[in-house]
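Coordinates from target.cif are shown below (mmCIF, C-alpha atoms).
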data_work
loop_
_atom_site.label_atom_id
_atom_site.label_comp_id
_atom_site.auth_asym_id
_atom_site.auth_seq_id
_atom_site.Cartn_x
_atom_site.Cartn_y
_atom_site.Cartn_z
CA MET A 1 -34.31 5.10 -27.34
CA THR A 2 -33.75 6.12 -30.94
CA ARG A 3 -36.04 9.05 -30.35
CA ARG A 4 -33.92 10.17 -27.43
CA ILE A 5 -30.72 9.98 -29.50
CA ALA A 6 -32.40 11.91 -32.30
CA GLU A 7 -33.46 14.57 -29.83
CA LEU A 8 -29.95 14.82 -28.43
CA LEU A 9 -28.49 15.12 -31.91
CA ARG A 10 -31.04 17.76 -32.81
CA ALA A 11 -30.25 19.77 -29.68
CA LEU A 12 -26.52 19.49 -30.41
CA GLY A 13 -27.02 20.58 -34.02
CA ALA A 14 -29.18 23.53 -32.95
CA ARG A 15 -26.54 24.58 -30.45
CA ILE A 16 -23.78 24.40 -33.04
CA VAL A 17 -25.79 26.30 -35.62
CA SER A 18 -26.98 29.06 -33.28
CA ASN A 19 -23.88 29.34 -31.11
CA TRP A 20 -21.18 28.98 -33.70
CA ILE A 21 -22.24 29.30 -37.29
CA TRP A 22 -24.90 31.96 -36.81
CA ARG A 23 -22.64 34.02 -34.55
CA LEU A 24 -19.70 33.67 -36.92
CA GLY A 25 -21.80 34.88 -39.81
CA PHE A 26 -23.09 37.82 -37.78
CA ALA A 27 -19.55 38.61 -36.65
CA CYS A 28 -18.38 38.70 -40.27
CA ARG A 29 -21.27 40.97 -41.28
CA PHE A 30 -20.50 43.12 -38.24
CA LEU A 31 -16.83 43.42 -39.26
CA TRP A 32 -17.91 44.44 -42.75
CA PHE A 33 -20.19 47.18 -41.33
CA THR A 34 -17.40 48.36 -39.04
CA LEU A 35 -14.98 48.65 -41.96
CA LYS A 36 -17.60 50.36 -44.10
CA GLU A 37 -18.47 52.90 -41.40
CA SER A 38 -14.88 53.55 -40.31
CA GLY A 39 -14.49 56.71 -42.41
CA ALA A 40 -15.64 58.82 -39.47
CA SER A 41 -12.99 57.41 -37.13
CA PHE A 42 -10.32 58.85 -39.45
CA ARG A 43 -12.11 62.06 -40.42
CA ARG A 44 -12.76 62.83 -36.76
CA PHE A 45 -9.51 61.31 -35.59
CA HIS A 46 -9.85 62.59 -32.01
CA LEU A 47 -12.46 59.88 -31.47
CA THR A 48 -9.84 57.26 -32.31
CA ILE A 49 -7.14 59.08 -30.33
CA ARG A 50 -9.30 58.89 -27.23
CA GLU A 51 -9.65 55.14 -27.69
CA ILE A 52 -5.93 54.72 -28.39
CA TYR A 53 -5.40 56.33 -25.00
CA PHE A 54 -7.63 53.76 -23.31
CA THR A 55 -6.43 50.68 -25.19
CA GLY A 56 -2.80 51.58 -25.88
CA VAL A 57 -1.46 54.07 -23.38
CA LEU A 58 -3.13 52.49 -20.35
CA SER A 59 -1.77 49.05 -21.38
CA LEU A 60 1.77 50.39 -21.48
CA ILE A 61 2.70 49.61 -17.88
CA ILE A 62 1.67 45.95 -17.96
CA ILE A 63 3.27 45.45 -21.40
CA LEU A 64 6.58 47.07 -20.45
CA VAL A 65 6.89 45.33 -17.08
CA SER A 66 5.96 41.89 -18.43
CA GLY A 67 8.27 42.34 -21.42
CA LEU A 68 11.15 43.17 -19.11
CA PHE A 69 10.53 40.16 -16.87
CA VAL A 70 9.99 37.74 -19.76
CA GLY A 71 13.30 38.91 -21.27
CA MET A 72 15.11 38.54 -17.95
CA VAL A 73 13.75 35.02 -17.43
CA LEU A 74 14.74 34.11 -21.00
CA GLY A 75 18.22 35.43 -20.23
CA LEU A 76 18.58 33.29 -17.11
CA GLN A 77 17.09 30.12 -18.59
CA GLY A 78 18.85 30.52 -21.92
CA TYR A 79 22.20 31.05 -20.26
CA ASP A 80 21.68 28.00 -18.07
CA THR A 81 21.22 25.77 -21.13
CA LEU A 82 23.65 27.43 -23.52
CA VAL A 83 26.56 27.45 -21.08
CA ARG A 84 26.48 23.64 -21.10
CA TYR A 85 27.38 23.68 -24.77
CA GLY A 86 29.96 26.39 -24.25
CA SER A 87 28.11 28.86 -26.45
CA SER A 88 26.75 31.38 -23.99
CA GLU A 89 27.46 34.12 -26.55
CA ALA A 90 24.44 32.86 -28.50
CA LEU A 91 22.26 34.16 -25.66
CA GLY A 92 21.47 37.31 -27.63
CA VAL A 93 20.28 35.22 -30.57
CA LEU A 94 18.08 33.06 -28.37
CA VAL A 95 16.51 35.97 -26.51
CA SER A 96 15.92 38.19 -29.53
CA LEU A 97 14.66 35.52 -31.91
CA SER A 98 12.22 34.02 -29.44
CA LEU A 99 10.92 37.47 -28.51
CA VAL A 100 10.69 39.00 -31.97
CA ARG A 101 9.22 35.94 -33.65
CA GLU A 102 6.93 34.48 -31.02
CA LEU A 103 6.76 35.76 -27.49
CA GLY A 104 6.49 39.44 -28.36
CA PRO A 105 3.37 39.23 -30.53
CA VAL A 106 1.74 36.34 -28.64
CA VAL A 107 2.25 37.40 -25.02
CA ALA A 108 1.56 41.05 -25.83
CA GLY A 109 -1.58 39.88 -27.66
CA LEU A 110 -2.75 37.82 -24.68
CA LEU A 111 -2.11 40.72 -22.31
CA PHE A 112 -3.83 43.08 -24.71
CA ALA A 113 -6.86 40.79 -24.90
CA SER A 114 -7.25 40.65 -21.14
CA ARG A 115 -6.33 44.28 -20.47
CA ALA A 116 -7.95 46.17 -23.36
CA GLY A 117 -10.25 43.65 -25.07
CA SER A 118 -12.23 42.96 -21.91
CA ALA A 119 -12.58 46.70 -21.24
CA ILE A 120 -13.89 47.32 -24.77
CA THR A 121 -16.46 44.53 -24.44
CA ALA A 122 -17.63 45.68 -21.01
CA GLU A 123 -17.92 49.28 -22.16
CA ILE A 124 -19.90 48.55 -25.32
CA GLY A 125 -22.00 45.92 -23.54
CA LEU A 126 -22.88 48.34 -20.78
CA MET A 127 -23.69 51.05 -23.33
CA LYS A 128 -26.07 48.61 -24.93
CA ALA A 129 -27.58 47.52 -21.62
CA THR A 130 -28.23 51.12 -20.59
CA GLU A 131 -29.71 51.77 -24.05
CA GLN A 132 -27.14 54.39 -24.97
CA LEU A 133 -26.68 52.71 -28.35
CA SER A 134 -30.42 52.86 -29.02
CA ALA A 135 -30.43 56.51 -27.93
CA MET A 136 -27.72 57.26 -30.48
CA GLU A 137 -29.73 55.57 -33.20
CA MET A 138 -32.71 57.72 -32.23
CA MET A 139 -30.55 60.80 -32.77
CA ALA A 140 -29.54 59.47 -36.20
CA VAL A 141 -26.01 58.75 -35.00
CA ASP A 142 -24.78 55.39 -36.21
CA PRO A 143 -23.43 53.60 -33.11
CA ILE A 144 -21.15 51.48 -35.29
CA ALA A 145 -19.50 54.56 -36.77
CA ARG A 146 -19.45 56.50 -33.48
CA VAL A 147 -18.67 53.78 -30.89
CA VAL A 148 -17.49 50.57 -32.56
CA ALA A 149 -15.24 51.70 -35.42
CA PRO A 150 -12.96 54.06 -33.38
CA ARG A 151 -12.39 51.31 -30.79
CA PHE A 152 -11.66 48.80 -33.52
CA TRP A 153 -9.09 51.02 -35.24
CA ALA A 154 -7.53 52.08 -31.95
CA GLY A 155 -6.89 48.41 -31.14
CA VAL A 156 -5.51 47.69 -34.61
CA ILE A 157 -3.13 50.67 -34.34
CA SER A 158 -2.07 50.02 -30.73
CA MET A 159 -1.35 46.31 -30.94
CA PRO A 160 1.76 46.34 -33.21
CA LEU A 161 3.26 49.19 -31.19
CA LEU A 162 2.64 47.33 -27.93
CA ALA A 163 4.14 44.12 -29.34
CA ALA A 164 7.23 46.00 -30.55
CA LEU A 165 7.60 47.60 -27.13
CA PHE A 166 7.26 44.20 -25.49
CA SER A 167 9.99 42.72 -27.70
CA ALA A 168 12.29 45.70 -27.23
CA MET A 169 11.84 45.60 -23.46
CA GLY A 170 12.44 41.85 -23.51
CA VAL A 171 15.70 42.22 -25.44
CA PHE A 172 16.72 44.89 -22.96
CA GLY A 173 15.82 42.55 -20.06
CA GLY A 174 17.87 39.76 -21.63
CA TYR A 175 20.75 42.20 -22.02
CA LEU A 176 20.46 43.26 -18.37
CA VAL A 177 20.58 39.70 -17.07
CA GLY A 178 22.94 38.23 -19.66
CA VAL A 179 25.51 40.99 -19.96
CA ARG A 180 25.17 43.09 -16.81
CA LEU A 181 24.39 40.37 -14.28
CA ILE A 182 25.98 37.17 -15.59
CA GLY A 183 28.72 38.75 -17.65
CA VAL A 184 28.30 37.43 -21.19
CA ASP A 185 30.57 39.35 -23.54
CA GLU A 186 28.67 42.42 -24.67
CA GLY A 187 30.17 42.61 -28.16
CA SER A 188 29.34 39.05 -29.13
CA PHE A 189 25.91 39.31 -27.49
CA TRP A 190 24.92 42.08 -29.91
CA SER A 191 26.90 40.99 -32.96
CA GLN A 192 25.62 37.39 -32.92
CA MET A 193 22.12 38.77 -32.48
CA GLN A 194 22.53 41.11 -35.41
CA ALA A 195 23.93 38.34 -37.60
CA ALA A 196 21.05 36.00 -36.81
CA VAL A 197 18.02 38.30 -36.83
CA ASP A 198 16.79 39.30 -40.25
CA PHE A 199 14.66 42.39 -40.76
CA ARG A 200 12.16 41.00 -43.23
CA GLU A 201 12.13 37.41 -42.05
CA ASP A 202 11.92 38.04 -38.31
CA VAL A 203 11.08 41.64 -37.41
CA LEU A 204 8.59 42.29 -40.19
CA ASN A 205 6.90 38.91 -39.75
CA GLY A 206 6.56 39.66 -36.04
CA VAL A 207 4.91 42.99 -36.85
CA ILE A 208 2.53 41.26 -39.29
CA LYS A 209 1.66 38.72 -36.60
CA SER A 210 0.90 41.42 -34.05
CA LEU A 211 -1.22 43.30 -36.59
CA VAL A 212 -3.27 40.15 -37.27
CA PHE A 213 -3.67 39.57 -33.53
CA GLY A 214 -4.72 43.19 -33.08
CA VAL A 215 -7.46 42.81 -35.70
CA ALA A 216 -8.62 39.49 -34.22
CA VAL A 217 -8.70 40.65 -30.59
CA THR A 218 -10.47 43.96 -31.17
CA TRP A 219 -12.88 42.39 -33.64
CA ILE A 220 -13.86 39.78 -31.06
CA ALA A 221 -14.02 42.43 -28.31
CA VAL A 222 -16.29 44.90 -30.14
CA TYR A 223 -18.46 42.09 -31.50
CA GLU A 224 -18.96 40.45 -28.09
CA GLY A 225 -19.80 43.84 -26.60
CA TYR A 226 -22.29 44.66 -29.35
CA ASP A 227 -23.85 41.21 -29.20
CA ALA A 228 -24.03 40.99 -25.37
CA PRO A 229 -27.45 40.37 -23.82
CA PRO A 230 -28.44 43.68 -22.21
CA THR A 231 -28.24 42.41 -18.62
CA ALA A 232 -25.55 42.46 -15.95
CA GLU A 233 -25.11 38.73 -16.41
CA GLY A 234 -24.95 39.09 -20.19
CA VAL A 235 -22.23 41.73 -20.04
CA SER A 236 -20.11 39.71 -17.63
CA GLY A 237 -20.51 36.61 -19.78
CA ALA A 238 -19.55 38.55 -22.90
CA THR A 239 -16.43 39.91 -21.19
CA THR A 240 -15.34 36.42 -20.21
CA ARG A 241 -16.02 35.16 -23.71
CA THR A 242 -13.89 37.95 -25.18
CA VAL A 243 -10.86 36.94 -23.14
CA VAL A 244 -11.31 33.22 -23.75
CA THR A 245 -12.12 33.45 -27.47
CA SER A 246 -9.42 35.98 -28.29
CA SER A 247 -6.75 34.06 -26.35
CA LEU A 248 -7.64 30.90 -28.25
CA ALA A 249 -7.78 32.85 -31.52
CA ILE A 250 -4.30 34.29 -30.88
CA LEU A 251 -2.78 30.88 -30.22
CA ALA A 252 -4.48 29.25 -33.21
CA LEU A 253 -3.64 32.14 -35.56
CA ASP A 254 -0.07 32.10 -34.27
CA PHE A 255 0.30 28.48 -35.29
CA VAL A 256 -1.12 29.15 -38.76
CA LEU A 257 1.02 32.26 -39.29
CA THR A 258 4.18 30.53 -38.04
CA ALA A 259 3.55 27.61 -40.36
CA LEU A 260 3.15 30.04 -43.27
CA MET A 261 6.10 32.28 -42.41
CA PHE A 262 8.84 29.96 -41.14
CA ARG A 263 8.74 26.81 -43.13
CA GLY A 264 12.34 26.07 -42.29
CA THR A 265 14.29 27.06 -45.38
CA MET B 1 -12.14 63.50 -17.60
CA MET B 2 -9.02 64.48 -19.43
CA THR B 3 -8.93 67.31 -21.87
CA ARG B 4 -8.36 66.59 -25.52
CA LYS B 5 -4.93 68.18 -25.34
CA GLU B 6 -3.75 65.85 -22.58
CA LEU B 7 -5.07 62.84 -24.49
CA ASP B 8 -3.22 63.94 -27.60
CA LEU B 9 -0.03 64.31 -25.59
CA TRP B 10 -0.22 60.84 -24.09
CA VAL B 11 -1.14 59.19 -27.39
CA GLY B 12 1.72 61.11 -29.02
CA ILE B 13 4.16 59.81 -26.40
CA PHE B 14 2.81 56.30 -26.91
CA ALA B 15 3.25 56.53 -30.70
CA VAL B 16 6.78 57.90 -30.35
CA ILE B 17 8.03 55.19 -28.00
CA GLY B 18 6.20 52.51 -29.99
CA ILE B 19 7.88 53.59 -33.21
CA GLY B 20 11.12 53.95 -31.26
CA ALA B 21 10.81 50.32 -30.22
CA LEU B 22 10.23 49.29 -33.85
CA LEU B 23 13.33 51.25 -34.88
CA PHE B 24 15.33 49.65 -32.08
CA LEU B 25 14.25 46.19 -33.27
CA SER B 26 15.06 46.87 -36.91
CA LEU B 27 18.30 48.84 -36.44
CA LYS B 28 19.90 47.45 -33.30
CA VAL B 29 18.53 43.90 -33.23
CA ALA B 30 18.20 43.11 -36.93
CA ASN B 31 20.99 45.50 -37.94
CA LEU B 32 19.13 46.77 -40.96
CA ALA B 33 21.41 49.75 -41.52
CA SER B 34 24.64 47.87 -42.19
CA PHE B 35 23.42 45.46 -44.79
CA SER B 36 20.25 46.00 -46.75
CA GLY B 37 19.06 43.73 -49.52
CA ALA B 38 18.48 46.62 -51.89
CA ASP B 39 21.95 47.22 -53.29
CA THR B 40 23.27 43.78 -54.19
CA TYR B 41 24.36 41.88 -57.26
CA GLN B 42 23.89 38.18 -57.73
CA ILE B 43 26.54 35.70 -58.78
CA ALA B 44 26.25 31.95 -59.04
CA ALA B 45 28.56 29.21 -57.82
CA LYS B 46 28.34 25.49 -58.55
CA PHE B 47 29.30 22.97 -55.91
CA ASP B 48 29.54 19.17 -56.01
CA ASN B 49 28.24 19.05 -52.46
CA ILE B 50 26.97 21.86 -50.31
CA GLY B 51 26.76 19.88 -47.06
CA GLY B 52 24.47 21.68 -44.66
CA LEU B 53 24.52 25.11 -46.29
CA LYS B 54 21.28 27.02 -45.80
CA VAL B 55 19.61 29.91 -47.58
CA ARG B 56 20.55 33.22 -45.89
CA ALA B 57 23.90 31.81 -44.75
CA ALA B 58 26.66 34.39 -44.72
CA VAL B 59 29.13 34.96 -47.56
CA LYS B 60 32.40 36.06 -46.01
CA SER B 61 35.63 37.29 -47.43
CA ALA B 62 38.58 37.64 -45.05
CA GLY B 63 36.05 37.01 -42.27
CA VAL B 64 33.88 40.00 -43.13
CA VAL B 65 30.27 39.40 -44.16
CA VAL B 66 30.00 40.65 -47.75
CA GLY B 67 26.72 39.00 -48.75
CA ARG B 68 24.18 36.27 -48.19
CA VAL B 69 23.18 33.06 -49.90
CA GLY B 70 20.06 33.88 -51.89
CA GLU B 71 18.92 30.61 -53.38
CA ILE B 72 20.02 26.99 -53.53
CA ARG B 73 18.84 24.64 -56.26
CA PHE B 74 19.87 21.46 -57.96
CA ASP B 75 21.03 21.59 -61.57
CA ASN B 76 19.67 18.53 -63.28
CA GLU B 77 22.09 18.75 -66.21
CA SER B 78 25.44 18.89 -64.46
CA PHE B 79 24.11 17.19 -61.30
CA GLU B 80 25.56 19.92 -59.15
CA ALA B 81 24.15 22.30 -56.58
CA VAL B 82 23.79 25.86 -57.86
CA VAL B 83 24.07 28.47 -55.12
CA ALA B 84 23.08 32.06 -55.84
CA LEU B 85 25.11 34.58 -53.82
CA ASN B 86 23.79 38.08 -53.19
CA ILE B 87 26.90 40.22 -52.79
CA ASP B 88 26.75 43.69 -51.31
CA GLY B 89 27.13 46.23 -54.11
CA ARG B 90 29.86 48.07 -52.19
CA TYR B 91 32.28 45.17 -52.65
CA GLN B 92 33.87 44.14 -55.96
CA PHE B 93 35.76 40.90 -56.48
CA PRO B 94 38.11 39.78 -59.31
CA LYS B 95 36.60 37.51 -61.93
CA ASP B 96 38.73 34.50 -60.96
CA SER B 97 37.74 34.55 -57.29
CA SER B 98 37.00 31.21 -55.70
CA ALA B 99 34.32 30.10 -53.27
CA LYS B 100 34.48 27.38 -50.68
CA ILE B 101 32.07 26.13 -48.06
CA LEU B 102 33.44 26.50 -44.56
CA THR B 103 32.17 25.81 -41.07
CA SER B 104 32.13 28.27 -38.22
CA GLY B 105 31.47 27.89 -34.55
CA LEU B 106 30.83 24.86 -32.44
CA LEU B 107 27.28 24.35 -33.65
CA GLY B 108 28.59 23.94 -37.19
CA GLU B 109 26.93 26.79 -39.00
CA GLN B 110 28.15 26.70 -42.59
CA TYR B 111 29.03 29.73 -44.65
CA ILE B 112 30.70 30.53 -47.95
CA GLY B 113 34.24 31.86 -47.94
CA LEU B 114 35.09 34.00 -50.95
CA SER B 115 38.81 34.20 -51.80
CA PRO B 116 39.73 36.94 -54.27
CA GLY B 117 41.80 36.00 -57.33
CA GLY B 118 44.19 38.15 -59.33
CA ASP B 119 42.14 39.11 -62.37
CA SER B 120 41.82 42.81 -63.17
CA VAL B 121 38.22 42.39 -64.36
CA SER B 122 35.59 42.43 -61.61
CA LEU B 123 32.68 40.07 -61.17
CA LYS B 124 29.33 41.47 -62.14
CA GLY B 125 25.75 40.32 -61.68
CA GLY B 126 24.93 37.03 -63.40
CA ASP B 127 28.50 35.73 -63.49
CA THR B 128 29.37 32.21 -62.38
CA LEU B 129 32.34 31.41 -60.18
CA LYS B 130 34.66 28.90 -61.87
CA LEU B 131 36.63 27.72 -58.87
CA THR B 132 34.69 26.18 -56.03
CA GLN B 133 35.44 23.82 -53.21
CA SER B 134 32.69 21.71 -51.73
CA ALA B 135 31.81 21.24 -48.11
CA VAL B 136 33.84 18.75 -46.19
CA VAL B 137 31.71 15.70 -45.53
CA LEU B 138 33.05 13.88 -42.52
CA GLU B 139 31.93 10.44 -43.68
CA ASN B 140 33.82 10.79 -46.98
CA LEU B 141 36.89 12.00 -45.13
CA ILE B 142 36.86 9.02 -42.75
CA GLY B 143 36.22 6.66 -45.64
CA GLN B 144 39.19 8.08 -47.56
CA PHE B 145 41.41 7.86 -44.49
CA LEU B 146 40.52 4.20 -43.92
CA TYR B 147 41.04 3.42 -47.61
CA ASN B 148 44.50 5.03 -47.54
CA LYS B 149 45.44 3.13 -44.38
CA ALA B 150 44.35 -0.10 -46.00
CA ALA B 151 46.36 0.70 -49.13
CA GLU B 152 49.44 1.42 -46.99
CA GLY B 153 49.04 -1.92 -45.23
CA ASP B 154 48.87 -3.69 -48.60
CA GLY B 155 52.01 -1.95 -49.79
CA LYS B 156 54.07 -3.14 -46.82
CA LYS B 157 53.27 -6.79 -47.39
#

Go ahead and express the file in the form of structure tokens.
Amino acid sequence: MTRRIAELLRALGARIVSNWIWRLGFACRFLWFTLKESGASFRRFHLTIREIYFTGVLSLIIILVSGLFVGMVLGLQGYDTLVRYGSSEALGVLVSLSLVRELGPVVAGLLFASRAGSAITAEIGLMKATEQLSAMEMMAVDPIARVVAPRFWAGVISMPLLAALFSAMGVFGGYLVGVRLIGVDEGSFWSQMQAAVDFREDVLNGVIKSLVFGVAVTWIAVYEGYDAPPTAEGVSGATTRTVVTSSLAILALDFVLTALMFRGT
Amino acid sequence: MMTRKELDLWVGIFAVIGIGALLFLSLKVANLASFSGADTYQIAAKFDNIGGLKVRAAVKSAGVVVGRVGEIRFDNESFEAVVALNIDGRYQFPKDSSAKILTSGLLGEQYIGLSPGGDSVSLKGGDTLKLTQSAVVLENLIGQFLYNKAAEGDGKK
């Protein structure tokens, strides 16, 4: 009996060490190598530009459309609640603050993880499975400098822009529903928003959040791709893990960042 | 496969509208242009009671926002609240101006109303406002009202 429990505990410990701690350590070392070898992705910037096209430009449609709809829903729901307290003019404040502070970075980050992060993992994983990475090494081309670092930097550059676009589209959606459809006064919609939203406190903190999410998502994506077992099953598993891990990372980091940034002065 | 030129074009468009969105957020939503924190001077005001005043609350004069509350702390010597006001450098006020804590809107957001005095010398950074009026605390007001009523009743007897 005791032997069985000991065996179970040992198996659990081995799983934790190999699945979590070992992988985390390797991921940190991998990030360090990526940062160290990222000179080439700026010297030969067209490599990064190509990746910005795949991660940023191709994510535009989903980001813009979801931003618009999230803003419109916020406009409808916010109006429904605010009108009870006779302060429907505060709709602009509600829509813009919730988008700029939270929804913009977080929802854009989640969409980015599933749209671009999964693609990065699948691409790098497949390159590894078809031994393209090994072939590069044979030709004395560092795959981290040539494949991983440009994708990493493209994600880090794209993410804040996508989050800002999401928030801007959301504010526009809230304006469409609130002012154009329902008929909230346009002047007070904008002026109350401008009085309540602070540049440093709200806009800049939102940009910092999205930057952190960008680093986290692309780090997880390139790492999972690089670490994927070189089989069809391995690549598909790594892609799933990218989406799951980066979504969880975004939500957890969002809580930590919010706690640090808005401590309720 | 796209040519490098086409890629550059699309990424350029992406960067332009992304930065455009950032500008929209900072200029139109946060209204950065009209009031920036760079060009301000700080004056202090002491209040017996600040009620629910918060940091970053507006400082208004004649209804126009002229500054923001920068810092609120408790002075352990005079047992008063010391409120630091960051006033926009474009606006000058006489030295004997007074500050009072007012309430705006239904949700009871509190702000500081600055009433200009008649002095010919202007306030400058580091000055302290002499005349202040504390926030109205409803409980005190009701208590005072009841006390007065009771005193009236005693007088009639």

field: Distance filter 8 Å, only C-alpha atoms, chain B against chain A, as a list in words
entry: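 Filtering chain B at 8 Å from chain A with only C-alpha atoms gives Arg4, Leu7, Asp8, Trp10, Val11, Phe14, Ala15, Ile17, Gly18, Ile19, Ala21, Leu22, Phe24, Leu25, Ser26, Lys28, Val29, Ala30, Asn31, Leu32, Lys54, Val55 and Leu106 of chain B.
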
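Closest approach to A:Arg180 from the set A:Cys28, A:Glu224, A:Leu76, A:Ser59 is made by A:Leu76, with distances taken over all atoms listed in the file.
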
message: Tell me which residues come within 7 Å of (-9.6, 40.2, -20.5), as a PyMOL selection string, counting all atoms listed in the file in the file's coordinates.
response: chain A and resi 113-118+239-240+242-243

message: Which residues, named as in the file, does the PyMOL selection byres ((chain A and resi 10-27) around 10) pick out? Answer as number ranges by chain.
response: A: 4-9, 28-33, 219-220, 222-224, 226-227

Can I get the selected residues back with C-alpha atoms, as a short mmCIF file (atom, residue, chain, number, x, y, z; two decimals), in the frame of the given file?
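Saved as result_8.cif:
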data_model
loop_
_atom_site.label_atom_id
_atom_site.label_comp_id
_atom_site.auth_asym_id
_atom_site.auth_seq_id
_atom_site.Cartn_x
_atom_site.Cartn_y
_atom_site.Cartn_z
CA ARG A 4 -33.92 10.17 -27.43
CA ILE A 5 -30.72 9.98 -29.50
CA ALA A 6 -32.40 11.91 -32.30
CA GLU A 7 -33.46 14.57 -29.83
CA LEU A 8 -29.95 14.82 -28.43
CA LEU A 9 -28.49 15.12 -31.91
CA CYS A 28 -18.38 38.70 -40.27
CA ARG A 29 -21.27 40.97 -41.28
CA PHE A 30 -20.50 43.12 -38.24
CA LEU A 31 -16.83 43.42 -39.26
CA TRP A 32 -17.91 44.44 -42.75
CA PHE A 33 -20.19 47.18 -41.33
CA TRP A 219 -12.88 42.39 -33.64
CA ILE A 220 -13.86 39.78 -31.06
CA VAL A 222 -16.29 44.90 -30.14
CA TYR A 223 -18.46 42.09 -31.50
CA GLU A 224 -18.96 40.45 -28.09
CA TYR A 226 -22.29 44.66 -29.35
CA ASP A 227 -23.85 41.21 -29.20
#

message: Env of A:Gly174: 12 Å cut, atoms = all atoms listed in the file, seq-sep filter 3 positions within chain, self excluded. Answer as an NGL selection string.
response: :A and (67-79 or 90-99 or 167-171 or 177-184 or 186 or 189-190 or 193)

query: If you count only C-alpha atoms, which residues fall within 12 Å of B:Asn86, apart from same-chain ones fewer than 5 positions away, as a PyMOL selection string?
result: chain B and resi 35-45+55-60+65-72+91+112+124-127

task: Let me know the residues the PyMOL selection byres ((chain B and resi 122) around 9) catches in the file above, as an NGL selection string.
output: :B and (92-96 or 119-121 or 123-124)

message: Please expand the PyMOL selection byres ((chain B and resi 131) around 12) into the concrete residues it hits in this file, giving the result as a PyMOL selection string.
response: chain B and resi 44-48+95-101+113-117+128-130+132-134

Serialized selection, C-alpha atoms, as a short mmCIF file (atom, residue, chain, number, x, y, z; two decimals), in the frame of the given file:
data_model
loop_
_atom_site.label_atom_id
_atom_site.label_comp_id
_atom_site.auth_asym_id
_atom_site.auth_seq_id
_atom_site.Cartn_x
_atom_site.Cartn_y
_atom_site.Cartn_z
CA ALA B 44 26.25 31.95 -59.04
CA ALA B 45 28.56 29.21 -57.82
CA LYS B 46 28.34 25.49 -58.55
CA PHE B 47 29.30 22.97 -55.91
CA ASP B 48 29.54 19.17 -56.01
CA LYS B 95 36.60 37.51 -61.93
CA ASP B 96 38.73 34.50 -60.96
CA SER B 97 37.74 34.55 -57.29
CA SER B 98 37.00 31.21 -55.70
CA ALA B 99 34.32 30.10 -53.27
CA LYS B 100 34.48 27.38 -50.68
CA ILE B 101 32.07 26.13 -48.06
CA GLY B 113 34.24 31.86 -47.94
CA LEU B 114 35.09 34.00 -50.95
CA SER B 115 38.81 34.20 -51.80
CA PRO B 116 39.73 36.94 -54.27
CA GLY B 117 41.80 36.00 -57.33
CA THR B 128 29.37 32.21 -62.38
CA LEU B 129 32.34 31.41 -60.18
CA LYS B 130 34.66 28.90 -61.87
CA THR B 132 34.69 26.18 -56.03
CA GLN B 133 35.44 23.82 -53.21
CA SER B 134 32.69 21.71 -51.73
#

field: Distance in Å - atom CA of A:Ala238 versus atom CA of A:Thr258
entry: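 Answer for the atom CA of A:Ala238 to atom CA of A:Thr258 separation: 29.3 Å.
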
statement: re atom CA of A:Asp185 and atom CA of B:Gly63: distance 19.7 Å

- prompt: Leaving out A:Glu233 and any residue of its chain fewer than 4 positions from it, which residues lie within 12 Å of it when counting all atoms listed in the file, given as an MDAnalysis selection string?
  reply: chainID A and resid 122 125:126 129 228:229 237:240

statement: A straight line from atom CA of A:Phe152 to atom CA of A:Ser134 spans 19.7 Å

Output requested as a PDB file, keeping the file's coordinate frame - stretch 53-61 of chain A, filled out with N, CA and C atoms.
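As a result, selection-v7.pdb now contains:
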ATOM      1  N   TYR A  53      -5.832  56.077 -26.377  1.00  0.00           N
ATOM      2  CA  TYR A  53      -5.400  56.330 -25.000  1.00  0.00           C
ATOM      3  C   TYR A  53      -5.857  55.196 -24.092  1.00  0.00           C
ATOM      4  N   PHE A  54      -7.118  54.782 -24.223  1.00  0.00           N
ATOM      5  CA  PHE A  54      -7.630  53.760 -23.310  1.00  0.00           C
ATOM      6  C   PHE A  54      -7.067  52.379 -23.617  1.00  0.00           C
ATOM      7  N   THR A  55      -6.917  52.026 -24.892  1.00  0.00           N
ATOM      8  CA  THR A  55      -6.430  50.680 -25.190  1.00  0.00           C
ATOM      9  C   THR A  55      -4.902  50.620 -25.173  1.00  0.00           C
ATOM     10  N   GLY A  56      -4.255  51.642 -25.727  1.00  0.00           N
ATOM     11  CA  GLY A  56      -2.800  51.580 -25.880  1.00  0.00           C
ATOM     12  C   GLY A  56      -2.046  52.135 -24.692  1.00  0.00           C
ATOM     13  N   VAL A  57      -2.288  53.403 -24.389  1.00  0.00           N
ATOM     14  CA  VAL A  57      -1.460  54.070 -23.380  1.00  0.00           C
ATOM     15  C   VAL A  57      -1.655  53.419 -22.010  1.00  0.00           C
ATOM     16  N   LEU A  58      -2.897  53.073 -21.671  1.00  0.00           N
ATOM     17  CA  LEU A  58      -3.130  52.490 -20.350  1.00  0.00           C
ATOM     18  C   LEU A  58      -2.627  51.046 -20.266  1.00  0.00           C
ATOM     19  N   SER A  59      -2.347  50.398 -21.425  1.00  0.00           N
ATOM     20  CA  SER A  59      -1.770  49.050 -21.380  1.00  0.00           C
ATOM     21  C   SER A  59      -0.252  49.094 -21.302  1.00  0.00           C
ATOM     22  N   LEU A  60       0.313  50.299 -21.390  1.00  0.00           N
ATOM     23  CA  LEU A  60       1.770  50.390 -21.480  1.00  0.00           C
ATOM     24  C   LEU A  60       2.468  49.749 -20.288  1.00  0.00           C
ATOM     25  N   ILE A  61       1.985  50.065 -19.073  1.00  0.00           N
ATOM     26  CA  ILE A  61       2.700  49.610 -17.880  1.00  0.00           C
ATOM     27  C   ILE A  61       2.805  48.091 -17.868  1.00  0.00           C
TER      28      ILE A  61
END
